[in-house]
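Chemist: I have a structure here, written as structure tokens, and I will follow up with some questions on it.
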Amino acid sequence: MQESSSYAVGLDIGTTKVRAVVAHLDSTTGVPTIVGIGQAPTTGMRKGVVVNLQGPGQAIDTALGEAERMSGYQVHGATVSVNGAHILTTHADGMVAAGASDHEITRDDLDRIKEVATLGKIPANRDILDVVAHAYKLDGQDNIKDPLGMTGTRLEIDAHVVSALTPYLVNVEKAAESAQVEPHGVVPTAMAAARAVLNEQQIENGVALIDFGGATTSVAVYEEGDLQYVGVVPIGGNNITNDLAIGLKTDPEIAEEVKVKHACALSHSEASGVSVKREGEIYTFQTEEINEIVEARLEEIFEGIHFHLKKAGRAGKLPSGVVLVGGGAKLKYMAEYAKETLGLAARLGQPAGFGGVADDIDKSEFATAIGLMLLDGETVHHDKPRSGHKIKTPSAKDLKGGVSKIFGWFKP
């Protein structure tokens, strides 16, 4: 690799695993080429948030080390994920006097009105991750998507603000810092995955991205080209595994294998047995019992998903339906279950928008890491590999200003 090569890095800090994706940025084609991937199991996370810095710090170091060896790059920065039920979207609006009658709206005006719109709307213990402008009004003219360069004196905004609790963001930052990684931006998991699997037509028509993680299920709703809502259900695939371990009276490791290989989101009427061989012993379970246990937990998860869709005002009203990603989405007939339960079209999402061939990279559990990489590539160009010294990470306050640039892809 030449030292002048540019690269982009996505770092998905999940509850059960950390996943890293490194891509080479070709200035000619503009398409990122994935050259390195890595993943490592993690501890010290609970329902998407850091509760012990040492666990995710070590996992980040291991996952990035694997991706570095594959790619030939030494990574010094990345766009990282944040997760948890503390992530909220809040409606905001505001108005500013732009200037004289011949004044042209500038970037400064847009930044100023976003600041005015959020003033007093977000508690002091929360950090703003993004301000998504749905529409502007200029001197009474409604539904303006981008007023930049237009002439007017009175500018108004209608927007949604994505925010997260500051202590949780700081802990994500510190976990990355402990592995000598500088966060270029912090992005909610569902929004990052949406970048990798949704197309512009879906985002325009109306679609929900559902990311089934180990301990959380994240929901992001898009319509009319913009993010409309973000919510997190604090239940995930690990809960299904634990239910199986209790219900089948077996070890969690065996329950996980049963879930991955034999469990089904739609229960079957016929009874049959399945066997799992582990360390020389054979364990036999009834399919009917397995599926009943799985379906009971899925009902709870999808009640949470429906709650968030209803809160967003989009329950049963998304023309492009729902797109499922994450490890939990691989459960047999999950898309069919989602279709029946939510009353919407449903399909499994596949990451796109990149080149390169790497094992496992097309799997849905890498969607968030790939989306983070794509966002990283759109905002940051790395000029040289890391020299190996520890780099000071920006504070959560510093992240506020930089992260807003990351979401340009979601806006026209």
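Letters A, B, ... mark the chains of the structure tokens in the order given; residue numbers begin at 1 per chain; ligand numbers begin at 1, in order shown.
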From a DSSP pass on the backbone, collect the residues of stretch 54-226 of chain A flagged as alpha helix (DSSP H) and hand them back as a compact mmCIF listing (two decimals) with C-alpha atoms, in the first residue's frame.

Modeler:
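Result file follows (part-v1.txt):
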```
# COMPACT_ATOMS: atom_id res chain seq x y z
CA GLN A 54 -11.79 -2.68 29.25
CA GLY A 55 -13.97 -5.22 27.40
CA PRO A 56 -14.93 -3.18 24.30
CA GLY A 57 -11.47 -1.57 24.24
CA GLN A 58 -9.79 -4.97 23.90
CA ALA A 59 -12.37 -6.13 21.34
CA ILE A 60 -11.82 -2.99 19.23
CA ASP A 61 -8.08 -3.60 19.31
CA THR A 62 -8.52 -7.24 18.27
CA ALA A 63 -11.04 -6.59 15.49
CA LEU A 64 -9.05 -3.68 14.05
CA GLY A 65 -5.83 -5.67 14.30
CA GLU A 66 -7.40 -8.39 12.17
CA ALA A 67 -8.63 -5.83 9.62
CA GLU A 68 -5.24 -4.09 9.61
CA ARG A 69 -3.35 -7.29 8.86
CA MET A 70 -5.70 -8.07 6.00
CA SER A 71 -5.63 -4.56 4.51
CA ARG A 107 -24.33 27.97 4.98
CA ASP A 108 -23.93 30.18 8.01
CA ASP A 109 -27.65 30.96 7.93
CA LEU A 110 -28.49 27.24 7.80
CA ASP A 111 -26.14 26.48 10.71
CA ARG A 112 -27.61 29.38 12.69
CA ILE A 113 -31.23 28.31 12.25
CA LYS A 114 -30.39 24.74 13.27
CA GLU A 115 -28.80 26.11 16.42
CA VAL A 116 -31.87 28.24 17.12
CA ALA A 117 -34.21 25.29 16.49
CA THR A 118 -32.40 23.08 19.00
CA THR A 166 -23.65 12.45 26.86
CA PRO A 167 -22.14 9.95 29.37
CA TYR A 168 -22.84 7.05 26.98
CA LEU A 169 -21.21 8.90 24.08
CA VAL A 170 -18.18 9.72 26.22
CA ASN A 171 -17.80 6.04 27.17
CA VAL A 172 -17.89 4.99 23.51
CA GLU A 173 -15.24 7.63 22.84
CA LYS A 174 -13.07 6.38 25.71
CA ALA A 175 -13.39 2.75 24.57
CA ALA A 176 -12.11 3.77 21.13
CA GLU A 177 -9.37 5.91 22.69
CA SER A 178 -8.13 2.95 24.71
CA THR A 189 -26.53 1.76 14.66
CA ALA A 190 -29.77 1.74 12.67
CA MET A 191 -28.82 4.89 10.72
CA ALA A 192 -25.46 3.40 9.79
CA ALA A 193 -27.03 0.13 8.64
CA ALA A 194 -29.57 2.11 6.60
CA ARG A 195 -26.71 3.76 4.71
CA ALA A 196 -25.50 0.33 3.59
CA VAL A 197 -28.77 -1.40 2.63
CA GLU A 200 -32.94 6.40 -2.40
CA GLN A 201 -36.25 5.20 -3.80
CA GLN A 202 -37.06 3.31 -0.59
CA ILE A 203 -36.08 6.32 1.52
CA GLU A 204 -38.33 8.54 -0.60
CA ASN A 205 -41.33 6.18 -0.58
```

Chemist: Compile the contact shell of A:Leu342 as a list in words: residues with an atom at most 8 Å away, counting only C-alpha atoms, same-chain residues fewer than 5 positions apart removed.

Modeler: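 Non-adjacent residues within range: Phe302, His306, Ala315 and Gly316 of chain A.
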
Chemist: Which one of A:Leu372, A:Val322, A:Ala265, A:Met45 sits closest to A:Val187 if you count only C-alpha atoms?

Modeler: A:Leu372

Chemist: Tell me which protein, DNA and RNA residues are within 10 Å of stretch 30-41 of chain A, counting only C-alpha atoms, leaving out same-chain ones fewer than 5 positions away, and put them as a PyMOL selection string.

Modeler: chain A and resi 6-25+55-56+58-73+353-361+366+369-370+373-374+377-378

Chemist: With N, CA and C atoms retained, could you export that selection as a compact mmCIF listing (two decimals), in the first residue's frame?

Modeler:
```
# COMPACT_ATOMS: atom_id res chain seq x y z
N SER A 6 -5.70 6.70 0.44
CA SER A 6 -6.74 7.07 1.38
C SER A 6 -7.57 5.85 1.71
N TYR A 7 -8.11 5.83 2.91
CA TYR A 7 -8.92 4.70 3.31
C TYR A 7 -10.02 5.16 4.24
N ALA A 8 -11.03 4.32 4.38
CA ALA A 8 -12.16 4.62 5.26
C ALA A 8 -12.39 3.43 6.17
N VAL A 9 -12.83 3.70 7.40
CA VAL A 9 -12.98 2.64 8.41
C VAL A 9 -14.32 2.78 9.12
N GLY A 10 -15.04 1.67 9.21
CA GLY A 10 -16.26 1.61 10.01
C GLY A 10 -16.05 0.68 11.18
N LEU A 11 -16.45 1.12 12.37
CA LEU A 11 -16.24 0.33 13.58
C LEU A 11 -17.56 0.18 14.31
N ASP A 12 -18.15 -0.99 14.24
CA ASP A 12 -19.44 -1.28 14.87
C ASP A 12 -19.20 -1.89 16.24
N ILE A 13 -19.49 -1.10 17.29
CA ILE A 13 -19.27 -1.56 18.66
C ILE A 13 -20.58 -2.12 19.18
N GLY A 14 -20.78 -3.41 19.03
CA GLY A 14 -22.02 -4.06 19.43
C GLY A 14 -21.94 -4.62 20.84
N THR A 15 -23.07 -5.11 21.33
CA THR A 15 -23.13 -5.66 22.68
C THR A 15 -22.37 -6.97 22.79
N THR A 16 -22.41 -7.78 21.74
CA THR A 16 -21.75 -9.08 21.78
C THR A 16 -20.49 -9.15 20.93
N LYS A 17 -20.41 -8.32 19.88
CA LYS A 17 -19.24 -8.35 18.99
C LYS A 17 -18.88 -6.95 18.52
N VAL A 18 -17.60 -6.78 18.25
CA VAL A 18 -17.10 -5.58 17.58
C VAL A 18 -16.70 -5.98 16.17
N ARG A 19 -17.18 -5.23 15.17
CA ARG A 19 -16.86 -5.53 13.77
C ARG A 19 -16.20 -4.32 13.14
N ALA A 20 -15.14 -4.57 12.38
CA ALA A 20 -14.41 -3.49 11.72
C ALA A 20 -14.33 -3.75 10.22
N VAL A 21 -14.48 -2.70 9.44
CA VAL A 21 -14.36 -2.79 7.99
C VAL A 21 -13.43 -1.68 7.53
N VAL A 22 -12.40 -2.05 6.76
CA VAL A 22 -11.45 -1.08 6.19
C VAL A 22 -11.58 -1.13 4.67
N ALA A 23 -11.70 0.05 4.04
CA ALA A 23 -11.85 0.10 2.59
C ALA A 23 -10.86 1.09 2.00
N HIS A 24 -10.34 0.75 0.84
CA HIS A 24 -9.49 1.66 0.08
C HIS A 24 -10.37 2.62 -0.71
N LEU A 25 -10.03 3.89 -0.68
CA LEU A 25 -10.80 4.90 -1.41
C LEU A 25 -10.10 5.23 -2.72
N GLY A 55 -13.48 -4.21 28.34
CA GLY A 55 -13.97 -5.22 27.40
C GLY A 55 -14.07 -4.73 25.97
N PRO A 56 -14.85 -3.67 25.68
CA PRO A 56 -14.93 -3.18 24.30
C PRO A 56 -13.60 -2.64 23.79
N GLN A 58 -10.57 -3.82 24.38
CA GLN A 58 -9.79 -4.97 23.90
C GLN A 58 -10.38 -5.54 22.61
N ALA A 59 -11.72 -5.60 22.53
CA ALA A 59 -12.37 -6.13 21.34
C ALA A 59 -12.11 -5.24 20.13
N ILE A 60 -12.14 -3.92 20.33
CA ILE A 60 -11.82 -2.99 19.23
C ILE A 60 -10.41 -3.23 18.73
N ASP A 61 -9.48 -3.37 19.67
CA ASP A 61 -8.08 -3.60 19.31
C ASP A 61 -7.92 -4.89 18.52
N THR A 62 -8.62 -5.95 18.96
CA THR A 62 -8.52 -7.24 18.27
C THR A 62 -9.15 -7.20 16.89
N ALA A 63 -10.34 -6.64 16.78
CA ALA A 63 -11.04 -6.59 15.49
C ALA A 63 -10.29 -5.72 14.49
N LEU A 64 -9.80 -4.55 14.95
CA LEU A 64 -9.05 -3.68 14.05
C LEU A 64 -7.71 -4.29 13.67
N GLY A 65 -7.09 -5.00 14.61
CA GLY A 65 -5.83 -5.67 14.30
C GLY A 65 -6.00 -6.68 13.18
N GLU A 66 -7.11 -7.42 13.23
CA GLU A 66 -7.40 -8.39 12.17
C GLU A 66 -7.61 -7.69 10.83
N ALA A 67 -8.37 -6.58 10.86
CA ALA A 67 -8.63 -5.83 9.62
C ALA A 67 -7.35 -5.17 9.11
N GLU A 68 -6.50 -4.71 10.02
CA GLU A 68 -5.24 -4.09 9.61
C GLU A 68 -4.31 -5.08 8.92
N ARG A 69 -4.23 -6.27 9.47
CA ARG A 69 -3.35 -7.29 8.86
C ARG A 69 -3.84 -7.66 7.47
N MET A 70 -5.15 -7.72 7.29
CA MET A 70 -5.70 -8.07 6.00
C MET A 70 -5.51 -6.94 4.98
N SER A 71 -5.64 -5.70 5.43
CA SER A 71 -5.63 -4.56 4.51
C SER A 71 -4.25 -3.98 4.25
N GLY A 72 -3.35 -4.12 5.21
CA GLY A 72 -2.04 -3.50 5.07
C GLY A 72 -2.00 -2.08 5.61
N TYR A 73 -3.13 -1.57 6.08
CA TYR A 73 -3.19 -0.24 6.67
C TYR A 73 -3.04 -0.34 8.18
N GLY A 353 -22.96 -0.86 -2.45
CA GLY A 353 -22.28 0.42 -2.61
C GLY A 353 -20.78 0.35 -2.41
N PHE A 354 -20.21 -0.85 -2.53
CA PHE A 354 -18.77 -1.02 -2.33
C PHE A 354 -18.24 -2.09 -3.27
N GLY A 355 -16.95 -2.13 -3.44
CA GLY A 355 -16.30 -3.18 -4.22
C GLY A 355 -15.46 -4.05 -3.31
N GLY A 356 -14.76 -4.98 -3.92
CA GLY A 356 -13.91 -5.87 -3.13
C GLY A 356 -14.62 -7.14 -2.75
N VAL A 357 -13.85 -8.16 -2.51
CA VAL A 357 -14.41 -9.45 -2.12
C VAL A 357 -13.77 -9.87 -0.82
N ALA A 358 -14.59 -10.14 0.16
CA ALA A 358 -14.09 -10.60 1.45
C ALA A 358 -15.09 -11.58 2.05
N ASP A 359 -14.59 -12.59 2.70
CA ASP A 359 -15.46 -13.59 3.31
C ASP A 359 -16.40 -12.94 4.32
N ASP A 360 -17.65 -13.34 4.27
CA ASP A 360 -18.68 -12.93 5.23
C ASP A 360 -19.13 -11.47 5.10
N ILE A 361 -18.53 -10.69 4.21
CA ILE A 361 -18.82 -9.27 4.22
C ILE A 361 -20.21 -8.96 3.69
N PHE A 366 -22.92 -7.49 9.07
CA PHE A 366 -21.88 -6.50 8.78
C PHE A 366 -22.48 -5.21 8.22
N ALA A 369 -21.37 -1.99 10.16
CA ALA A 369 -19.95 -1.67 9.96
C ALA A 369 -19.70 -1.13 8.55
N ILE A 370 -20.36 -1.70 7.56
CA ILE A 370 -20.19 -1.23 6.18
C ILE A 370 -20.77 0.17 6.02
N MET A 373 -18.43 2.60 7.44
CA MET A 373 -17.30 2.79 6.52
C MET A 373 -17.67 3.73 5.38
N LEU A 374 -18.88 3.53 4.81
CA LEU A 374 -19.31 4.38 3.70
C LEU A 374 -19.43 5.84 4.15
N GLY A 377 -15.97 7.28 4.59
CA GLY A 377 -15.34 7.59 3.31
C GLY A 377 -15.86 8.87 2.69
N GLU A 378 -17.10 9.24 3.02
CA GLU A 378 -17.69 10.45 2.45
C GLU A 378 -17.25 11.72 3.16
```

Chemist: Between A:Arg154, A:His86, A:Lys363, A:Lys261, which is the closest to A:Arg126 once you count only C-alpha atoms?

Modeler: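 Using only C-alpha atoms, the shortest distance to A:Arg126 belongs to A:His86.
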
Chemist: Smallest atom-to-atom distance to A:Ala312: which of A:Ser218, A:Thr287, A:Asn199, A:Thr89, using only C-alpha atoms?

Modeler: A:Thr89

Chemist: Atom CA of A:Leu309 and atom CA of A:Lys339, how far apart in Å?

Modeler: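 Result for atom CA of A:Lys339 versus atom CA of A:Leu309: 13.9 Å, one decimal.
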
Chemist: Between A:Ala345, A:Leu155, A:Ile235, A:Ala208, which is the closest to A:Gly313 once you count only C-alpha atoms?

Modeler: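 Of all the options, A:Ala208 lies closest to A:Gly313.
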
Chemist: As a ChimeraX atom specification, please: every residue in stretch 149-269 of chain A that DSSP puts in strand (DSSP E).

Modeler: /A:154-165,182-188,207-212,217-223,226-233

Chemist: Considering only C-alpha atoms, can you say which of A:Ala335, A:Val232, A:Leu248, A:Val131 comes closest to A:His91?

Modeler: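 Closest to A:His91 of all the choices is A:Val131.
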
Chemist: So how many Å separate atom CA of A:Lys330 and atom CA of A:His262, to one decimal?

Modeler: 11.5 Å

Chemist: Which residues, written as a PyMOL selection string, have at least one atom at most 10 Å from A:Phe285, with only C-alpha atoms counted and residues fewer than 2 positions away on the same chain left out?

Modeler: chain A and resi 248+258+262+272-276+283+287-290

Chemist: Considering only C-alpha atoms, can you say which of A:Gly280, A:Lys317, A:Ala338, A:Ala220 comes closest to A:Leu266?

Modeler: A:Ala338

Chemist: Just give me the gap between atom CA of A:Val233 and atom CA of A:His184 in Å, one decimal is fine.

Modeler: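 Here the two named atoms are 26.5 Å from each other.
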
Chemist: What's around A:His103 at 8 Å? Count only C-alpha atoms, leave out sequence neighbours fewer than 6 positions away in its own chain, and write the answer as an MDAnalysis selection string.

Modeler: chainID A and resid 151:153

Chemist: With a distance cut-off of 7 Å and only C-alpha atoms, select the neighbouring residues of A:Glu223, excluding the residue or stretch itself and same-chain residues fewer than 2 positions from it, and output the selection as an MDAnalysis selection string.

Modeler: chainID A and resid 203:207 221 225:228

Chemist: Compile the contact shell of A:Gly349 as a compact mmCIF listing (two decimals) with C-alpha atoms, in the first residue's frame: residues with an atom at most 10 Å away, counting only C-alpha atoms, same-chain residues fewer than 3 positions apart removed.

Modeler:
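Saved as around_8.txt:
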```txt
# COMPACT_ATOMS: atom_id res chain seq x y z
CA ALA A 193 -27.03 0.13 8.64
CA ALA A 194 -29.57 2.11 6.60
CA ALA A 196 -25.50 0.33 3.59
CA VAL A 197 -28.77 -1.40 2.63
CA LEU A 198 -31.41 1.21 1.69
CA LEU A 209 -34.73 -0.36 8.79
CA ILE A 210 -34.79 -2.92 11.61
CA ASP A 211 -31.45 -4.07 13.02
CA VAL A 322 -39.30 -3.00 6.41
CA VAL A 323 -35.75 -4.12 5.70
CA LEU A 324 -34.17 -6.51 8.22
CA VAL A 325 -30.47 -6.68 9.07
CA GLY A 326 -28.31 -7.92 11.93
CA ALA A 329 -32.48 -11.36 11.02
CA ALA A 346 -40.48 -7.32 4.54
CA ALA A 352 -24.25 -2.53 -1.27
CA ASP A 362 -22.14 -9.60 2.39
CA LYS A 363 -23.85 -10.94 5.49
CA SER A 364 -26.42 -8.76 7.15
CA GLU A 365 -24.59 -8.61 10.47
CA ALA A 367 -24.43 -3.95 7.51
```
